[in-house]
file data-v3.cif (mmCIF, C-alpha atoms and all ligand atoms)
data_work
loop_
_atom_site.label_atom_id
_atom_site.label_comp_id
_atom_site.auth_asym_id
_atom_site.auth_seq_id
_atom_site.Cartn_x
_atom_site.Cartn_y
_atom_site.Cartn_z
CA MET A 1080 72.12 112.93 -114.56
CA LEU A 1081 75.47 113.48 -112.89
CA ARG A 1082 74.63 117.15 -112.44
CA SER A 1083 71.30 116.24 -110.82
CA ALA A 1084 72.98 113.77 -108.47
CA LEU A 1085 75.58 116.30 -107.38
CA LEU A 1086 72.98 119.03 -106.88
CA ALA A 1087 70.89 116.61 -104.81
CA ALA A 1088 74.02 115.74 -102.81
CA SER A 1089 74.63 119.45 -102.21
CA ARG A 1090 71.51 119.37 -99.99
CA SER A 1091 72.16 116.03 -98.26
CA SER A 1092 73.48 116.19 -94.72
CA GLN A 1093 74.75 112.58 -94.91
CA VAL A 1094 76.89 113.19 -98.02
CA ARG A 1095 77.99 116.45 -96.47
CA THR A 1096 79.39 114.66 -93.40
CA VAL A 1097 81.38 112.24 -95.59
CA VAL A 1098 82.78 114.94 -97.90
CA GLU A 1099 83.66 117.30 -95.06
CA LYS A 1100 85.56 114.56 -93.22
CA PHE A 1101 87.49 113.45 -96.29
CA PRO A 1102 90.99 114.87 -95.69
CA PRO A 1103 92.05 115.86 -99.26
CA THR A 1104 88.79 117.75 -99.77
CA HIS A 1105 90.19 120.78 -98.02
CA ALA A 1106 93.11 121.10 -100.42
CA ILE A 1107 90.70 120.92 -103.36
CA VAL A 1108 88.24 123.34 -101.82
CA GLU A 1109 91.07 125.89 -101.62
CA ARG A 1110 90.91 126.19 -105.37
CA PHE A 1111 87.43 127.70 -105.11
CA VAL A 1112 87.36 129.21 -101.62
CA ALA A 1113 89.72 131.80 -100.09
CA GLY A 1114 89.87 130.06 -96.70
CA GLU A 1115 87.84 129.77 -93.55
CA ALA A 1116 88.83 132.97 -91.72
CA LEU A 1117 88.23 136.66 -92.32
CA ASP A 1118 91.99 137.23 -92.63
CA ASP A 1119 92.17 134.63 -95.42
CA ALA A 1120 89.45 136.51 -97.28
CA VAL A 1121 91.12 139.90 -96.86
CA THR A 1122 94.50 138.52 -98.03
CA ALA A 1123 92.98 136.86 -101.13
CA CYS A 1124 90.99 140.02 -101.86
CA ASP A 1125 94.14 142.15 -101.59
CA ASP A 1126 95.97 139.82 -104.01
CA LEU A 1127 93.15 140.04 -106.58
CA VAL A 1128 92.84 143.82 -106.31
CA ALA A 1129 96.62 144.12 -106.78
CA THR A 1130 96.20 142.48 -110.21
CA GLY A 1131 93.61 145.01 -111.37
CA ARG A 1132 90.55 142.87 -110.63
CA LYS A 1133 87.65 143.83 -108.41
CA VAL A 1134 86.06 141.51 -105.90
CA THR A 1135 82.70 140.57 -104.41
CA LEU A 1136 83.09 138.63 -101.16
CA ASP A 1137 80.68 135.95 -100.00
CA HIS A 1138 80.66 134.87 -96.36
CA LEU A 1139 79.65 131.27 -97.04
CA GLY A 1140 76.40 129.94 -95.60
CA GLU A 1141 72.87 129.14 -96.77
CA ASP A 1142 69.59 127.62 -95.62
CA THR A 1143 69.98 128.83 -92.05
CA GLN A 1144 67.33 127.38 -89.74
CA ASP A 1145 68.40 129.27 -86.67
CA ALA A 1146 67.74 132.97 -85.90
CA ALA A 1147 70.94 133.38 -83.87
CA GLN A 1148 72.99 131.95 -86.73
CA ALA A 1149 71.27 134.31 -89.18
CA ALA A 1150 72.14 137.28 -86.96
CA GLY A 1151 75.70 135.90 -86.63
CA THR A 1152 76.06 135.90 -90.42
CA ALA A 1153 74.93 139.53 -90.59
CA GLU A 1154 77.50 140.32 -87.91
CA ALA A 1155 80.23 138.50 -89.86
CA TYR A 1156 79.44 140.72 -92.86
CA GLU A 1157 79.68 143.80 -90.64
CA TYR A 1158 83.16 142.72 -89.52
CA LEU A 1159 84.13 142.00 -93.10
CA LEU A 1160 82.95 145.41 -94.32
CA LYS A 1161 84.76 147.12 -91.45
CA ALA A 1162 87.94 145.25 -92.43
CA LEU A 1163 87.52 146.29 -96.09
CA LYS A 1164 87.15 149.91 -94.98
CA GLU A 1165 90.17 149.81 -92.67
CA THR A 1166 92.44 148.12 -95.19
CA GLY A 1167 91.44 150.52 -97.97
CA LEU A 1168 90.02 147.63 -100.02
CA ALA A 1169 86.42 148.86 -100.09
CA ALA A 1170 87.00 150.81 -103.32
CA GLY A 1171 87.70 147.54 -105.09
CA ALA A 1172 85.52 145.10 -103.17
CA GLU A 1173 81.84 144.72 -102.39
CA VAL A 1174 79.90 141.83 -100.80
CA SER A 1175 77.43 139.21 -102.04
CA VAL A 1176 74.74 137.96 -99.65
CA LYS A 1177 72.43 134.94 -99.72
CA LEU A 1178 69.15 135.84 -98.02
CA SER A 1179 68.72 132.22 -96.86
CA ALA A 1180 71.92 132.69 -94.81
CA VAL A 1181 70.42 135.66 -92.97
CA GLY A 1182 67.05 134.12 -92.14
CA GLN A 1183 64.79 133.91 -95.22
CA PHE A 1184 63.82 130.28 -94.47
CA LEU A 1185 63.19 130.67 -90.73
CA PRO A 1186 59.78 129.23 -89.91
CA VAL A 1187 58.57 132.34 -88.10
CA ASP A 1188 59.04 135.82 -89.64
CA GLY A 1189 61.77 134.54 -91.96
CA GLU A 1190 61.40 137.23 -94.62
CA LYS A 1191 61.17 140.01 -92.05
CA ILE A 1192 64.31 138.79 -90.26
CA ALA A 1193 66.20 138.40 -93.57
CA LEU A 1194 65.18 141.94 -94.56
CA GLU A 1195 66.41 143.39 -91.27
CA ASN A 1196 69.69 141.46 -91.37
CA ALA A 1197 70.25 142.46 -95.00
CA ARG A 1198 69.51 146.05 -94.02
CA ARG A 1199 72.28 145.87 -91.38
CA ILE A 1200 74.69 144.62 -94.03
CA CYS A 1201 73.69 147.36 -96.47
CA ALA A 1202 74.17 150.01 -93.76
CA ALA A 1203 77.67 148.65 -93.05
CA ALA A 1204 78.45 148.66 -96.77
CA ALA A 1205 77.26 152.27 -97.09
CA ASP A 1206 79.50 153.20 -94.17
CA ALA A 1207 82.46 151.48 -95.84
CA GLY A 1208 81.69 153.19 -99.15
CA THR A 1209 80.87 150.05 -101.08
CA THR A 1210 77.87 148.01 -102.28
CA VAL A 1211 75.97 144.75 -101.76
CA THR A 1212 74.56 142.27 -104.27
CA LEU A 1213 71.85 139.81 -103.26
CA ASP A 1214 72.64 136.34 -104.63
CA MET A 1215 69.73 134.37 -106.10
CA GLU A 1216 68.95 130.86 -104.85
CA ASP A 1217 66.41 128.31 -106.08
CA HIS A 1218 63.22 129.46 -107.82
CA THR A 1219 61.05 129.13 -104.71
CA THR A 1220 62.92 132.16 -103.33
CA THR A 1221 62.85 134.43 -106.39
CA ASP A 1222 59.68 136.39 -105.56
CA SER A 1223 60.69 136.80 -101.94
CA THR A 1224 64.26 137.87 -102.82
CA LEU A 1225 63.10 140.41 -105.39
CA ALA A 1226 60.48 141.79 -102.95
CA ILE A 1227 63.18 142.26 -100.30
CA ALA A 1228 65.46 143.84 -102.92
CA ARG A 1229 62.75 146.35 -103.90
CA GLU A 1230 62.29 147.32 -100.27
CA LEU A 1231 66.02 147.68 -99.58
CA ARG A 1232 66.49 149.72 -102.73
CA GLU A 1233 64.35 152.49 -101.29
CA ASP A 1234 67.17 153.21 -98.84
CA PHE A 1235 70.10 151.69 -100.76
CA PRO A 1236 69.44 152.33 -104.48
CA TRP A 1237 72.80 150.79 -105.42
CA LEU A 1238 71.79 147.34 -104.17
CA GLY A 1239 72.49 144.70 -106.84
CA VAL A 1240 70.28 141.69 -107.63
CA VAL A 1241 71.03 138.45 -109.45
CA LEU A 1242 68.79 137.14 -112.21
CA GLN A 1243 69.17 133.59 -113.53
CA ALA A 1244 68.82 133.18 -117.30
CA TYR A 1245 67.58 129.59 -117.00
CA LEU A 1246 64.31 130.74 -115.38
CA ARG A 1247 61.52 131.33 -117.89
CA ARG A 1248 60.47 134.48 -116.00
CA THR A 1249 63.86 136.19 -116.20
CA GLU A 1250 63.48 138.17 -119.42
CA ALA A 1251 60.49 139.93 -117.83
CA ASP A 1252 62.42 140.48 -114.58
CA CYS A 1253 65.26 142.00 -116.63
CA ARG A 1254 62.80 144.54 -118.03
CA GLU A 1255 61.75 145.55 -114.51
CA PHE A 1256 65.34 145.78 -113.30
CA SER A 1257 66.97 147.50 -116.28
CA GLY A 1258 66.13 151.06 -115.23
CA ALA A 1259 68.60 153.81 -114.35
CA GLY A 1260 70.85 153.00 -111.39
CA SER A 1261 69.85 149.35 -111.34
CA ARG A 1262 72.70 146.84 -110.87
CA VAL A 1263 71.85 143.37 -112.19
CA ARG A 1264 74.14 140.36 -112.20
CA LEU A 1265 73.04 137.99 -114.95
CA CYS A 1266 74.11 134.36 -114.48
CA LYS A 1267 72.86 131.13 -116.06
CA GLY A 1268 71.69 129.63 -112.75
CA ALA A 1269 73.20 126.92 -110.56
CA TYR A 1270 70.29 124.99 -109.01
CA LYS A 1271 68.26 121.98 -110.11
CA GLU A 1272 64.98 123.41 -111.34
CA PRO A 1273 61.87 121.77 -112.84
CA GLU A 1274 61.05 122.16 -116.50
CA SER A 1275 57.88 124.08 -115.61
CA VAL A 1276 59.96 127.06 -114.45
CA ALA A 1277 63.35 126.66 -116.13
CA PHE A 1278 64.93 125.90 -119.49
CA GLN A 1279 66.82 122.59 -119.24
CA GLY A 1280 69.32 122.18 -122.06
CA LYS A 1281 72.56 124.18 -122.38
CA HIS A 1282 71.61 125.56 -125.79
CA GLU A 1283 68.21 126.77 -124.57
CA VAL A 1284 69.80 128.34 -121.48
CA ASP A 1285 72.45 130.06 -123.61
CA LEU A 1286 69.77 131.53 -125.89
CA ALA A 1287 67.83 132.73 -122.85
CA TYR A 1288 71.02 134.29 -121.46
CA VAL A 1289 71.53 136.26 -124.66
CA ARG A 1290 67.88 137.44 -124.72
CA ALA A 1291 68.15 138.64 -121.12
CA LEU A 1292 71.50 140.27 -121.77
CA LYS A 1293 70.06 142.16 -124.73
CA VAL A 1294 67.41 143.67 -122.45
CA LEU A 1295 69.95 144.66 -119.81
CA MET A 1296 72.49 146.06 -122.26
CA ALA A 1297 69.80 148.15 -124.01
CA GLY A 1298 68.55 149.43 -120.65
CA GLU A 1299 69.84 152.22 -118.46
CA GLY A 1300 71.14 150.10 -115.60
CA TYR A 1301 74.52 148.52 -114.88
CA PRO A 1302 74.70 144.92 -116.20
CA MET A 1303 77.08 142.51 -114.49
CA ILE A 1304 77.88 139.64 -116.84
CA ALA A 1305 78.54 136.65 -114.60
CA SER A 1306 79.71 133.85 -116.87
CA HIS A 1307 82.85 131.91 -117.79
CA ASP A 1308 81.39 131.06 -121.16
CA PRO A 1309 83.55 132.47 -124.01
CA ASN A 1310 80.45 132.86 -126.20
CA MET A 1311 78.55 134.89 -123.61
CA ILE A 1312 81.59 137.08 -123.02
CA LYS A 1313 82.03 137.72 -126.72
CA ILE A 1314 78.34 138.52 -127.20
CA ALA A 1315 78.38 140.84 -124.19
CA GLY A 1316 81.24 142.81 -125.76
CA GLN A 1317 79.35 143.10 -129.04
CA LEU A 1318 76.13 144.18 -127.31
CA ALA A 1319 78.05 146.81 -125.36
CA GLN A 1320 79.35 148.23 -128.63
CA TRP A 1321 75.96 148.16 -130.36
CA ASN A 1322 74.42 149.98 -127.40
CA ASN A 1323 77.27 152.53 -127.29
CA ARG A 1324 78.12 151.56 -123.75
CA ASP A 1325 81.33 152.84 -122.16
CA ARG A 1326 83.54 150.24 -120.49
CA ASP A 1327 82.58 151.62 -117.08
CA SER A 1328 78.83 151.11 -117.65
CA PHE A 1329 78.94 147.30 -117.24
CA GLU A 1330 81.25 144.67 -115.82
CA TYR A 1331 82.29 141.04 -116.18
CA GLN A 1332 82.23 138.67 -113.22
CA MET A 1333 83.72 135.21 -112.67
CA LEU A 1334 84.13 132.85 -109.76
CA TYR A 1335 87.38 132.64 -107.80
CA GLY A 1336 89.62 129.93 -109.22
CA ILE A 1337 87.81 129.64 -112.55
CA ARG A 1338 89.47 130.91 -115.76
CA PRO A 1339 91.93 133.23 -113.96
CA GLU A 1340 93.87 133.91 -117.20
CA GLU A 1341 90.68 135.07 -118.88
CA GLN A 1342 89.92 137.26 -115.88
CA LEU A 1343 93.31 138.92 -116.25
CA ARG A 1344 92.89 139.30 -120.02
CA LEU A 1345 89.55 141.09 -119.61
CA ALA A 1346 90.90 143.33 -116.86
CA GLY A 1347 94.03 144.04 -118.94
CA GLU A 1348 91.86 145.29 -121.80
CA GLY A 1349 90.41 147.96 -119.51
CA ASN A 1350 87.18 146.17 -118.56
CA THR A 1351 85.91 145.95 -115.02
CA MET A 1352 86.43 142.32 -114.02
CA ARG A 1353 85.03 141.29 -110.64
CA VAL A 1354 85.87 138.00 -108.95
CA TYR A 1355 83.33 136.31 -106.67
CA LEU A 1356 85.39 135.32 -103.66
CA PRO A 1357 83.80 132.98 -101.09
CA TYR A 1358 85.27 132.33 -97.65
CA GLY A 1359 84.13 130.73 -94.40
CA GLN A 1360 83.46 127.32 -92.92
CA GLU A 1361 80.18 126.59 -94.72
CA TRP A 1362 81.77 125.73 -98.06
CA TYR A 1363 79.96 122.45 -98.73
CA GLY A 1364 76.91 123.61 -100.79
CA TYR A 1365 78.98 126.08 -102.80
CA PHE A 1366 81.66 123.48 -103.52
CA MET A 1367 79.15 120.82 -104.66
CA ARG A 1368 77.49 123.28 -107.08
CA ARG A 1369 80.90 123.95 -108.63
CA LEU A 1370 81.45 120.20 -109.08
CA ALA A 1371 78.00 119.86 -110.66
CA GLU A 1372 78.77 122.61 -113.18
CA ARG A 1373 81.79 121.04 -114.73
CA PRO A 1374 82.83 117.39 -115.06
CA ALA A 1375 86.50 118.46 -115.13
CA ASN A 1376 86.12 119.80 -111.57
CA LEU A 1377 84.70 116.44 -110.53
CA THR A 1378 87.52 114.52 -112.22
CA PHE A 1379 90.01 116.64 -110.30
CA PHE A 1380 88.22 115.78 -107.06
CA LEU A 1381 87.94 112.04 -107.81
CA ARG A 1382 91.60 111.83 -108.85
CA ALA A 1383 92.58 113.31 -105.50
CA MET A 1384 90.36 110.76 -103.75
CA ALA A 1385 91.95 107.90 -105.69
CA THR A 1386 95.52 108.99 -105.00
CA ARG A 1387 95.14 109.95 -101.37
CA GLY A 1388 97.43 108.37 -99.20
C1 LIG B 1401 80.10 136.04 -110.25
C2 LIG B 1401 79.12 134.93 -110.28
C3 LIG B 1401 78.06 134.94 -109.39
C4 LIG B 1401 77.11 133.93 -109.44
N1 LIG B 1401 76.02 134.02 -108.63
C5 LIG B 1401 75.03 133.11 -108.75
C6 LIG B 1401 73.81 133.23 -108.06
O1 LIG B 1401 73.58 134.16 -107.28
N2 LIG B 1401 72.86 132.28 -108.26
C7 LIG B 1401 73.04 131.23 -109.10
O2 LIG B 1401 72.12 130.41 -109.27
N3 LIG B 1401 74.20 131.08 -109.76
C8 LIG B 1401 75.20 131.98 -109.61
N4 LIG B 1401 76.36 131.82 -110.33
C9 LIG B 1401 76.64 130.53 -111.02
C10 LIG B 1401 76.08 130.51 -112.42
O3 LIG B 1401 74.68 130.50 -112.38
C11 LIG B 1401 76.57 129.30 -113.22
O4 LIG B 1401 76.17 128.13 -112.57
C12 LIG B 1401 78.06 129.24 -113.42
O5 LIG B 1401 78.60 130.51 -113.62
C13 LIG B 1401 78.39 128.39 -114.65
O6 LIG B 1401 77.82 128.96 -115.81
P1 LIG B 1401 78.69 129.65 -116.98
O7 LIG B 1401 77.95 130.87 -117.41
O8 LIG B 1401 80.05 129.90 -116.50
O9 LIG B 1401 78.61 128.67 -118.19
P2 LIG B 1401 78.67 127.09 -118.38
O10 LIG B 1401 77.54 126.76 -119.29
O11 LIG B 1401 78.79 126.35 -117.09
O12 LIG B 1401 80.03 126.92 -119.13
C14 LIG B 1401 80.14 127.39 -120.45
C15 LIG B 1401 81.58 127.41 -120.87
O13 LIG B 1401 82.35 128.25 -120.01
C16 LIG B 1401 83.66 127.72 -119.88
N5 LIG B 1401 83.89 127.30 -118.50
C17 LIG B 1401 82.97 127.14 -117.53
N6 LIG B 1401 83.55 126.72 -116.39
C18 LIG B 1401 84.85 126.60 -116.64
C19 LIG B 1401 85.99 126.19 -115.88
N7 LIG B 1401 85.88 125.78 -114.60
N8 LIG B 1401 87.19 126.21 -116.46
C20 LIG B 1401 87.32 126.59 -117.76
N9 LIG B 1401 86.29 126.97 -118.53
C21 LIG B 1401 85.08 126.97 -117.99
C22 LIG B 1401 83.72 126.52 -120.78
O14 LIG B 1401 84.15 126.92 -122.06
C23 LIG B 1401 82.27 126.07 -120.84
O15 LIG B 1401 81.95 125.30 -121.97
C24 LIG B 1401 77.29 132.84 -110.34
C25 LIG B 1401 78.35 132.84 -111.22
C26 LIG B 1401 79.25 133.86 -111.22
C27 LIG B 1401 80.37 133.84 -112.21
#

call {"tool": "encode", "arguments": {"input": "data-v3.cif", "output": "structure tokens"}}
result
Amino acid sequence: MLRSALLAASRSSQVRTVVEKFPPTHAIVERFVAGEALDDAVTACDDLVATGRKVTLDHLGEDTQDAAQAAGTAEAYEYLLKALKETGLAAGAEVSVKLSAVGQFLPVDGEKIALENARRICAAAADAGTTVTLDMEDHTTTDSTLAIARELREDFPWLGVVLQAYLRRTEADCREFSGAGSRVRLCKGAYKEPESVAFQGKHEVDLAYVRALKVLMAGEGYPMIASHDPNMIKIAGQLAQWNNRDRDSFEYQMLYGIRPEEQLRLAGEGNTMRVYLPYGQEWYGYFMRRLAERPANLTFFLRAMATRG
């Protein structure tokens, strides 16, 4: 129930105004977000790369209702990719993009605009010598996001997609996207979804994650295991062994600020460990989804509210 309330709040403009104006929020947000400016992102990225981790950067934003803002987000990614190239960080850092931030929900020609903006970002990534992964949002966007991914892959075959284990359709999607050269990030899924399309309980979602992971690990693509769950990480290691996968044929991914010691342990063992690093002013939706995922994150937030002063 708490999770549902927080996920509903993540889409409420009234709650957003209150949370954004609450002074200690910013200090707490820093735990999950690199900062608001491009320089903050580059500095945090540099620090992570220096510890042997790789990075995927997310210029925060979602649900854009304005074409100029969508184009502005694409431009922000171009600046980011240029900065990664110039600082020599592109070898260790790629970018993650939400199609709703680059126009997918615009009332007129939304998909077309999102495709063109995503194409600009992919071209900038190719120029920098790195890659792009398309984040996955709620289930109403899955078909559209995968259709755009298929189209972009004709020119940028390295484009990564995210599949969410909680969706009932995902095992089948994994089969489609487990071919040679295919990069798939498998996560559990962070949105509130109806039972008709998604498994609801943790145990059911975990089982679905393992089924999907089995397909990806047995396939010819490059699985990206995006989870903080010790069980999923252990099973991924076992599946890699059973499928005779080299350490460079898959990678682990975790969110910035979550289980950093485990991130370092996995990287220290010679695995590719990539950290999802968000930055920018539009942190509200991302931050609320992190609170919804874990009561301990919420306790941390409420304690700060109670002791402000
Ligand atoms: C790199 C990356 C990219 C993502 N991209 C997307 C996306 O595009 N679309 C989308 O819907 N979702 C995305 N997610 C979010 C994802 O779907 C989950 O909501 C989120 O990762 C939580 O699921 P979990 O697998 O970590 O397991 P959970 O079931 O949340 O947690 C399982 C266990 O992991 C450990 N754990 C989890 N969190 C913590 C913590 N804060 N501190 C300590 N231990 C912890 C605990 O042992 C916990 O019991 C992404 C996640 C990652 C890591």

call {"tool": "residues_near_ligand", "arguments": {"input": "data-v3.cif", "ligand": "ligand LIG 1401 (chain B)", "cutoff": "6 Å", "atoms": "only C-alpha atoms and all ligand atoms", "output": "count of residues only"}}
result
21

call {"tool": "atom_distance", "arguments": {"input": "data-v3.cif", "atom1": "atom CA of Val1108 of chain A", "atom2": "atom CA of Asp1137 of chain A"}}
result
14.8 Å

call {"tool": "atom_distance", "arguments": {"input": "data-v3.cif", "atom1": "atom CA of Cys1124 of chain A", "atom2": "atom CA of Thr1378 of chain A"}}
result
27.7 Å

call {"tool": "closest_atom_pairs", "arguments": {"input": "data-v3.cif", "of": "segment 1131-1164 of chain A", "to": "segment 1344-1353 of chain A", "cutoff": "9 Å", "atoms": "only C-alpha atoms", "output": "tab-separated table"}}
result
residue	atom	partner	partner_atom	distance
A:Gly1131	CA	A:Ala1346	CA	6.3
A:Arg1132	CA	A:Met1352	CA	5.4
A:Lys1133	CA	A:Arg1353	CA	4.3
A:Val1134	CA	A:Arg1353	CA	4.9
A:Thr1135	CA	A:Arg1353	CA	6.7

call {"tool": "axis_aligned_box", "arguments": {"input": "data-v3.cif", "around": "segment 1138-1141 of chain A", "padding_each_side": "6 Å", "output": "lines of an AutoDock Vina configuration file"}}
result
center_x = 76.8
center_y = 132.0
center_z = -96.3
size_x = 19.8
size_y = 17.7
size_z = 13.4

call {"tool": "closest_residue", "arguments": {"input": "data-v3.cif", "among": "A:Ala1169, A:Val1112, A:Ala1203, A:Val1263", "to": "Glu1299 of chain A", "atoms": "all atoms listed in the file"}}
result
A:Val1263

call {"tool": "closest_residue", "arguments": {"input": "data-v3.cif", "among": "A:Glu1341, A:Glu1190, A:Glu1157, A:Glu1361", "to": "Asp1206 of chain A", "atoms": "all atoms listed in the file"}}
result
A:Glu1157

call {"tool": "closest_residue", "arguments": {"input": "data-v3.cif", "among": "A:Leu1246, A:Ala1155, A:Ala1315, A:Leu1213", "to": "Pro1273 of chain A", "atoms": "all atoms listed in the file"}}
result
A:Leu1246

call {"tool": "atom_distance", "arguments": {"input": "data-v3.cif", "atom1": "atom CA of Leu1194 of chain A", "atom2": "atom CA of Met1303 of chain A"}}
result
23.2 Å

call {"tool": "residues_near_point", "arguments": {"input": "data-v3.cif", "point": "(70.0, 151.5, -115.2)", "cutoff": "9 Å", "atoms": "all atoms listed in the file", "output": "tab-separated table (two decimals) with C-alpha atoms, in the frame of the given file"}}
result
chain	number	residue	atom	x	y	z
A	1256	PHE	CA	65.34	145.78	-113.30
A	1257	SER	CA	66.97	147.50	-116.28
A	1258	GLY	CA	66.13	151.06	-115.23
A	1259	ALA	CA	68.60	153.81	-114.35
A	1260	GLY	CA	70.85	153.00	-111.39
A	1261	SER	CA	69.85	149.35	-111.34
A	1262	ARG	CA	72.70	146.84	-110.87
A	1263	VAL	CA	71.85	143.37	-112.19
A	1295	LEU	CA	69.95	144.66	-119.81
A	1298	GLY	CA	68.55	149.43	-120.65
A	1299	GLU	CA	69.84	152.22	-118.46
A	1300	GLY	CA	71.14	150.10	-115.60
A	1301	TYR	CA	74.52	148.52	-114.88
A	1302	PRO	CA	74.70	144.92	-116.20

call {"tool": "residues_around", "arguments": {"input": "data-v3.cif", "residues": "segment 1178-1180 of chain A", "least_positions_apart": "3", "cutoff": "6 Å", "atoms": "all atoms listed in the file", "output": "ChimeraX atom specification"}}
result
/A:1140-1143,1149,1183-1184,1193

call {"tool": "closest_residue", "arguments": {"input": "data-v3.cif", "among": "A:Ala1146, A:Gly1239, A:Val1174, A:Lys1313", "to": "Pro1186 of chain A", "atoms": "all atoms listed in the file"}}
result
A:Ala1146

call {"tool": "residues_around", "arguments": {"input": "data-v3.cif", "residues": "Tyr1363 of chain A", "least_positions_apart": "2", "cutoff": "10 Å", "atoms": "all atoms listed in the file", "output": "ChimeraX atom specification"}}
result
/A:1088-1090,1092,1094-1096,1098-1099,1108,1139-1141,1360-1361,1365-1368

call {"tool": "residues_near_point", "arguments": {"input": "data-v3.cif", "point": "(76.9, 140.7, -91.1)", "cutoff": "10 Å", "atoms": "all atoms listed in the file", "output": "ChimeraX atom specification"}}
result
/A:1138,1149-1160,1176,1181,1196-1201,1203-1204

call {"tool": "closest_residue", "arguments": {"input": "data-v3.cif", "among": "A:Ala1287, A:Val1240, A:Ala1251, A:Ile1227", "to": "Arg1264 of chain A", "atoms": "only C-alpha atoms"}}
result
A:Val1240
